[in-house]
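This report refers to the structure that appears directly beneath it.
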Amino acid sequence: MGAWVSGLLGGADSAAAAAAAGPAAVGLGDLPELCAAQVLLRLDPPEICRLARLNHAFRGAAGADFVWEAKLPENYRYLMEFVGTGEEGRRRRRRAGKKEIYARLSKPVPFGDGQKEFWLDKNKGMICMVLSSKALVITGIDDRRYWQHMPTSESRFQSVAYLQQIWWFEVVGEVDFCFPVGTYSLYFRVHLGKFYERFGRRHCSSEHVHGWNKKPVRFQLSTSDGQQALSQCYLEEPGSWVLYHAGDFVASKPDQLMKLKFSMAQIDCTHTKGGLCVDSVLIYPKGKGFQHGRVVRSQR
């Protein structure tokens, strides 16, 4: 489809030439707006925005509500309830056109006291979600002998939980949400070693990194409709952010709340472990690429 759009955009010069040839010539500029809208219905949102720059017909069609409603998930009204608060927020939501709704949902929408965010994936019509370390239940997090919250620009929430040393390592989270239809993957974003900047350069200390090569970390995922995933792997690669895949789940009822429960744990108390940064939990459409770190698929 992308090549076809490129070809159509490349035809803009021929359309201009046809217009200069005389009144009998017909080009893309003469395409009825309704026909242009039918073309846009078959494209992804980024391609729609590109074609909107082609001529007046596509520009007008690109603002039509029925074009953008087809790109929104079925439960977009539920998703919009997280945007704005109070009566003023409700009035704005009622007045918003479908293109405006799509544009707003494509940007991060905070919820859960600002410790969680979701946004619309522009290609799949599903959502992406991120939960900060402060939205998770971490064993011993309030005891500074074990954990500390470390400010950093390497987290979208500007803070990570850093483990110095502990016997019982367990990170648990849950979220209740009406997910748009699709298959999603859940990841834990973690980093071995304590990183810092000095004279404009990134450094990483592995001083406290220990215990992760003795027993694998166990990842669990379950849903309120009975889906379960269980896997395990050793934590490796000090100095880099790694996304450990905990499992996949399928959302098939966008109008019903699904409760997700997930955890990563290494609770063998025969040895301590430490030197780990826990940043966040990511829930993305299955198969989506990442720029947040390397993905590791755990052993089932």
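How things are named: the first chain in the structure tokens is A, the next is B, and so on; residues count from 1 in each chain; ligands count from 1 in the order shown.
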
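Every protein or nucleic acid residue with an atom no more than 7 Å from Trp212 of chain A, counting only C-alpha atoms and leaving out same-chain residues fewer than 5 positions away, appears here: Tyr234, Leu235 and Lys273 of chain A.
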
Give me a file of those residues, with N, CA, C and O atoms, as an mmCIF file, in the first residue's frame.
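Final output, saved to out_24.cif:
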```cif
data_model
loop_
_atom_site.group_PDB
_atom_site.id
_atom_site.type_symbol
_atom_site.label_atom_id
_atom_site.label_comp_id
_atom_site.auth_asym_id
_atom_site.auth_seq_id
_atom_site.Cartn_x
_atom_site.Cartn_y
_atom_site.Cartn_z
ATOM 1 N N TYR A 234 17.620 -16.141 32.813
ATOM 2 C CA TYR A 234 18.649 -15.461 33.578
ATOM 3 C C TYR A 234 18.761 -14.016 33.091
ATOM 4 O O TYR A 234 18.634 -13.741 31.899
ATOM 5 N N LEU A 235 19.000 -13.104 34.022
ATOM 6 C CA LEU A 235 19.214 -11.707 33.654
ATOM 7 C C LEU A 235 20.675 -11.524 33.257
ATOM 8 O O LEU A 235 21.580 -11.925 33.986
ATOM 9 N N LYS A 273 20.783 -11.061 45.820
ATOM 10 C CA LYS A 273 20.949 -10.556 44.457
ATOM 11 C C LYS A 273 20.805 -9.035 44.502
ATOM 12 O O LYS A 273 20.154 -8.481 45.406
#
```

Gln228 of chain A environment, 10 Å, only C-alpha atoms, sequence neighbours closer than 3 positions dropped, as a ChimeraX atom specification: /A:220-225,247-249,260-262

Any chance you could tabulate, as a tab-separated table, the residues of segment 76-175 of chain A at most 12 Å from segment 196-200 of chain A with each one's nearest atom pair and distance in Å to one decimal, using only C-alpha atoms, in chain and rising number order?
```
residue	atom	partner	partner_atom	distance
A:Met150	CA	A:Tyr196	CA	10.1
A:Pro151	CA	A:Tyr196	CA	10.0
A:Thr152	CA	A:Tyr196	CA	8.3
A:Ser153	CA	A:Tyr196	CA	10.1
A:Glu154	CA	A:Tyr196	CA	10.1
```

Take the residues just selected and output them with C-alpha atoms as an mmCIF file, in the first residue's frame.
```cif
data_model
loop_
_atom_site.group_PDB
_atom_site.id
_atom_site.type_symbol
_atom_site.label_atom_id
_atom_site.label_comp_id
_atom_site.auth_asym_id
_atom_site.auth_seq_id
_atom_site.Cartn_x
_atom_site.Cartn_y
_atom_site.Cartn_z
ATOM 1 C CA MET A 150 16.915 6.962 41.303
ATOM 2 C CA PRO A 151 16.119 10.012 39.113
ATOM 3 C CA THR A 152 17.157 9.616 35.471
ATOM 4 C CA SER A 153 16.340 10.935 32.005
ATOM 5 C CA GLU A 154 16.520 7.370 30.657
#
```

All residues 7 Å or closer to segment 167-180 of chain A, only C-alpha atoms, same chain fewer than 4 positions away omitted, as a ChimeraX atom specification: /A:73-75,126-127,136-139,251,254-269,271-273

Any chance you can output those residues with N, CA and C atoms as a PDB file, in the first residue's frame?
```pdb
ATOM      1  N   PRO A  73     -10.292   2.609  17.508  1.00  0.00           N
ATOM      2  CA  PRO A  73     -10.788   1.342  18.073  1.00  0.00           C
ATOM      3  C   PRO A  73     -12.258   1.467  18.459  1.00  0.00           C
ATOM      4  N   GLU A  74     -12.920   0.335  18.560  1.00  0.00           N
ATOM      5  CA  GLU A  74     -14.351   0.328  18.873  1.00  0.00           C
ATOM      6  C   GLU A  74     -14.669   1.079  20.163  1.00  0.00           C
ATOM      7  N   ASN A  75     -13.804   0.970  21.133  1.00  0.00           N
ATOM      8  CA  ASN A  75     -14.082   1.555  22.451  1.00  0.00           C
ATOM      9  C   ASN A  75     -13.392   2.900  22.641  1.00  0.00           C
ATOM     10  N   MET A 126      -4.583  -0.436  17.905  1.00  0.00           N
ATOM     11  CA  MET A 126      -4.565  -0.947  19.274  1.00  0.00           C
ATOM     12  C   MET A 126      -3.869   0.096  20.152  1.00  0.00           C
ATOM     13  N   ILE A 127      -3.688  -0.219  21.406  1.00  0.00           N
ATOM     14  CA  ILE A 127      -3.027   0.755  22.274  1.00  0.00           C
ATOM     15  C   ILE A 127      -1.679   0.224  22.752  1.00  0.00           C
ATOM     16  N   LEU A 136       4.102  -0.237  40.555  1.00  0.00           N
ATOM     17  CA  LEU A 136       4.259  -1.661  40.840  1.00  0.00           C
ATOM     18  C   LEU A 136       4.453  -1.880  42.338  1.00  0.00           C
ATOM     19  N   VAL A 137       4.144  -3.080  42.789  1.00  0.00           N
ATOM     20  CA  VAL A 137       4.364  -3.464  44.188  1.00  0.00           C
ATOM     21  C   VAL A 137       5.694  -4.206  44.238  1.00  0.00           C
ATOM     22  N   ILE A 138       6.683  -3.590  44.879  1.00  0.00           N
ATOM     23  CA  ILE A 138       8.036  -4.143  44.930  1.00  0.00           C
ATOM     24  C   ILE A 138       8.368  -4.484  46.379  1.00  0.00           C
ATOM     25  N   THR A 139       8.695  -5.727  46.634  1.00  0.00           N
ATOM     26  CA  THR A 139       9.003  -6.165  47.997  1.00  0.00           C
ATOM     27  C   THR A 139      10.207  -5.394  48.547  1.00  0.00           C
ATOM     28  N   ALA A 251      -7.056  -9.736  23.678  1.00  0.00           N
ATOM     29  CA  ALA A 251      -8.232  -8.963  24.081  1.00  0.00           C
ATOM     30  C   ALA A 251      -9.288  -9.114  22.993  1.00  0.00           C
ATOM     31  N   PRO A 254     -13.740  -5.488  23.798  1.00  0.00           N
ATOM     32  CA  PRO A 254     -13.281  -4.140  24.147  1.00  0.00           C
ATOM     33  C   PRO A 254     -14.204  -3.377  25.076  1.00  0.00           C
ATOM     34  N   ASP A 255     -15.427  -3.874  25.279  1.00  0.00           N
ATOM     35  CA  ASP A 255     -16.364  -3.184  26.156  1.00  0.00           C
ATOM     36  C   ASP A 255     -16.369  -3.763  27.567  1.00  0.00           C
ATOM     37  N   GLN A 256     -15.451  -4.715  27.849  1.00  0.00           N
ATOM     38  CA  GLN A 256     -15.397  -5.324  29.174  1.00  0.00           C
ATOM     39  C   GLN A 256     -14.014  -5.120  29.787  1.00  0.00           C
ATOM     40  N   LEU A 257     -14.005  -4.784  31.087  1.00  0.00           N
ATOM     41  CA  LEU A 257     -12.732  -4.622  31.785  1.00  0.00           C
ATOM     42  C   LEU A 257     -12.002  -5.958  31.869  1.00  0.00           C
ATOM     43  N   MET A 258     -10.707  -5.927  31.550  1.00  0.00           N
ATOM     44  CA  MET A 258      -9.859  -7.097  31.732  1.00  0.00           C
ATOM     45  C   MET A 258      -8.853  -6.782  32.832  1.00  0.00           C
ATOM     46  N   LYS A 259      -8.737  -7.676  33.795  1.00  0.00           N
ATOM     47  CA  LYS A 259      -7.745  -7.508  34.858  1.00  0.00           C
ATOM     48  C   LYS A 259      -6.495  -8.298  34.487  1.00  0.00           C
ATOM     49  N   LEU A 260      -5.390  -7.577  34.362  1.00  0.00           N
ATOM     50  CA  LEU A 260      -4.095  -8.207  34.122  1.00  0.00           C
ATOM     51  C   LEU A 260      -3.322  -8.271  35.428  1.00  0.00           C
ATOM     52  N   LYS A 261      -2.700  -9.415  35.703  1.00  0.00           N
ATOM     53  CA  LYS A 261      -1.781  -9.552  36.819  1.00  0.00           C
ATOM     54  C   LYS A 261      -0.464 -10.083  36.268  1.00  0.00           C
ATOM     55  N   PHE A 262       0.645  -9.514  36.742  1.00  0.00           N
ATOM     56  CA  PHE A 262       1.936  -9.910  36.190  1.00  0.00           C
ATOM     57  C   PHE A 262       3.006  -9.743  37.270  1.00  0.00           C
ATOM     58  N   SER A 263       4.083 -10.493  37.115  1.00  0.00           N
ATOM     59  CA  SER A 263       5.145 -10.434  38.122  1.00  0.00           C
ATOM     60  C   SER A 263       6.458 -10.933  37.546  1.00  0.00           C
ATOM     61  N   MET A 264       7.551 -10.485  38.179  1.00  0.00           N
ATOM     62  CA  MET A 264       8.862 -11.086  37.965  1.00  0.00           C
ATOM     63  C   MET A 264       9.459 -11.315  39.350  1.00  0.00           C
ATOM     64  N   ALA A 265      10.053 -12.477  39.557  1.00  0.00           N
ATOM     65  CA  ALA A 265      10.495 -12.822  40.906  1.00  0.00           C
ATOM     66  C   ALA A 265      11.677 -13.788  40.858  1.00  0.00           C
ATOM     67  N   GLN A 266      12.509 -13.655  41.865  1.00  0.00           N
ATOM     68  CA  GLN A 266      13.582 -14.624  42.132  1.00  0.00           C
ATOM     69  C   GLN A 266      13.662 -14.700  43.642  1.00  0.00           C
ATOM     70  N   ILE A 267      12.947 -15.666  44.205  1.00  0.00           N
ATOM     71  CA  ILE A 267      12.732 -15.694  45.656  1.00  0.00           C
ATOM     72  C   ILE A 267      13.480 -16.829  46.343  1.00  0.00           C
ATOM     73  N   ASP A 268      14.529 -17.313  45.722  1.00  0.00           N
ATOM     74  CA  ASP A 268      15.398 -18.302  46.364  1.00  0.00           C
ATOM     75  C   ASP A 268      16.246 -17.576  47.414  1.00  0.00           C
ATOM     76  N   CYS A 269      15.983 -17.851  48.673  1.00  0.00           N
ATOM     77  CA  CYS A 269      16.646 -17.125  49.761  1.00  0.00           C
ATOM     78  C   CYS A 269      17.976 -17.747  50.175  1.00  0.00           C
ATOM     79  N   HIS A 271      20.632 -17.144  48.523  1.00  0.00           N
ATOM     80  CA  HIS A 271      21.655 -16.175  48.122  1.00  0.00           C
ATOM     81  C   HIS A 271      20.990 -14.819  47.888  1.00  0.00           C
ATOM     82  N   THR A 272      21.790 -13.760  48.001  1.00  0.00           N
ATOM     83  CA  THR A 272      21.279 -12.424  47.717  1.00  0.00           C
ATOM     84  C   THR A 272      21.468 -12.102  46.249  1.00  0.00           C
ATOM     85  N   LYS A 273      20.783 -11.061  45.820  1.00  0.00           N
ATOM     86  CA  LYS A 273      20.949 -10.556  44.457  1.00  0.00           C
ATOM     87  C   LYS A 273      20.805  -9.035  44.502  1.00  0.00           C
TER      88      LYS A 273
END
```

Counting only C-alpha atoms, the option among A:Arg156, A:His245, A:Lys286, A:Lys124 closest to Val217 of chain A: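 Ranked by minimum distance to Val217 of chain A, first place goes to A:His245.
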
Test item, alpha helix (DSSP H) assignment across segment 26-224 of chain A, answer as an MDAnalysis selection string: chainID A and resid 33:40 45:51 56:61 65:69 76:80 86:95 98:105

Interatomic distance, atom CA of Tyr76 of chain A to atom CA of Lys253 of chain A (Å, one decimal):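 Atom CA of Lys253 of chain A lies 13.2 Å from atom CA of Tyr76 of chain A.
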
Separation of atom CA of Pro285 of chain A from atom CA of Asp65 of chain A in Å: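 Atom CA of Pro285 of chain A lies at a distance of 25.2 Å from atom CA of Asp65 of chain A.
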
Picked from segment 234-296 of chain A by DSSP as strand (DSSP E), as a ChimeraX atom specification: /A:241-251,258-266,276-285,294-296

Coordinates-based distance that separates atom CA of Trp241 of chain A from atom CA of Gly125 of chain A (Å, one decimal):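 Here the two named atoms are 27.3 Å from each other.
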
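If only C-alpha atoms are the atoms counted, then among A:Lys134, A:Arg294, A:Lys107, A:His210 the closest residue to Val242 of chain A is A:Arg294.
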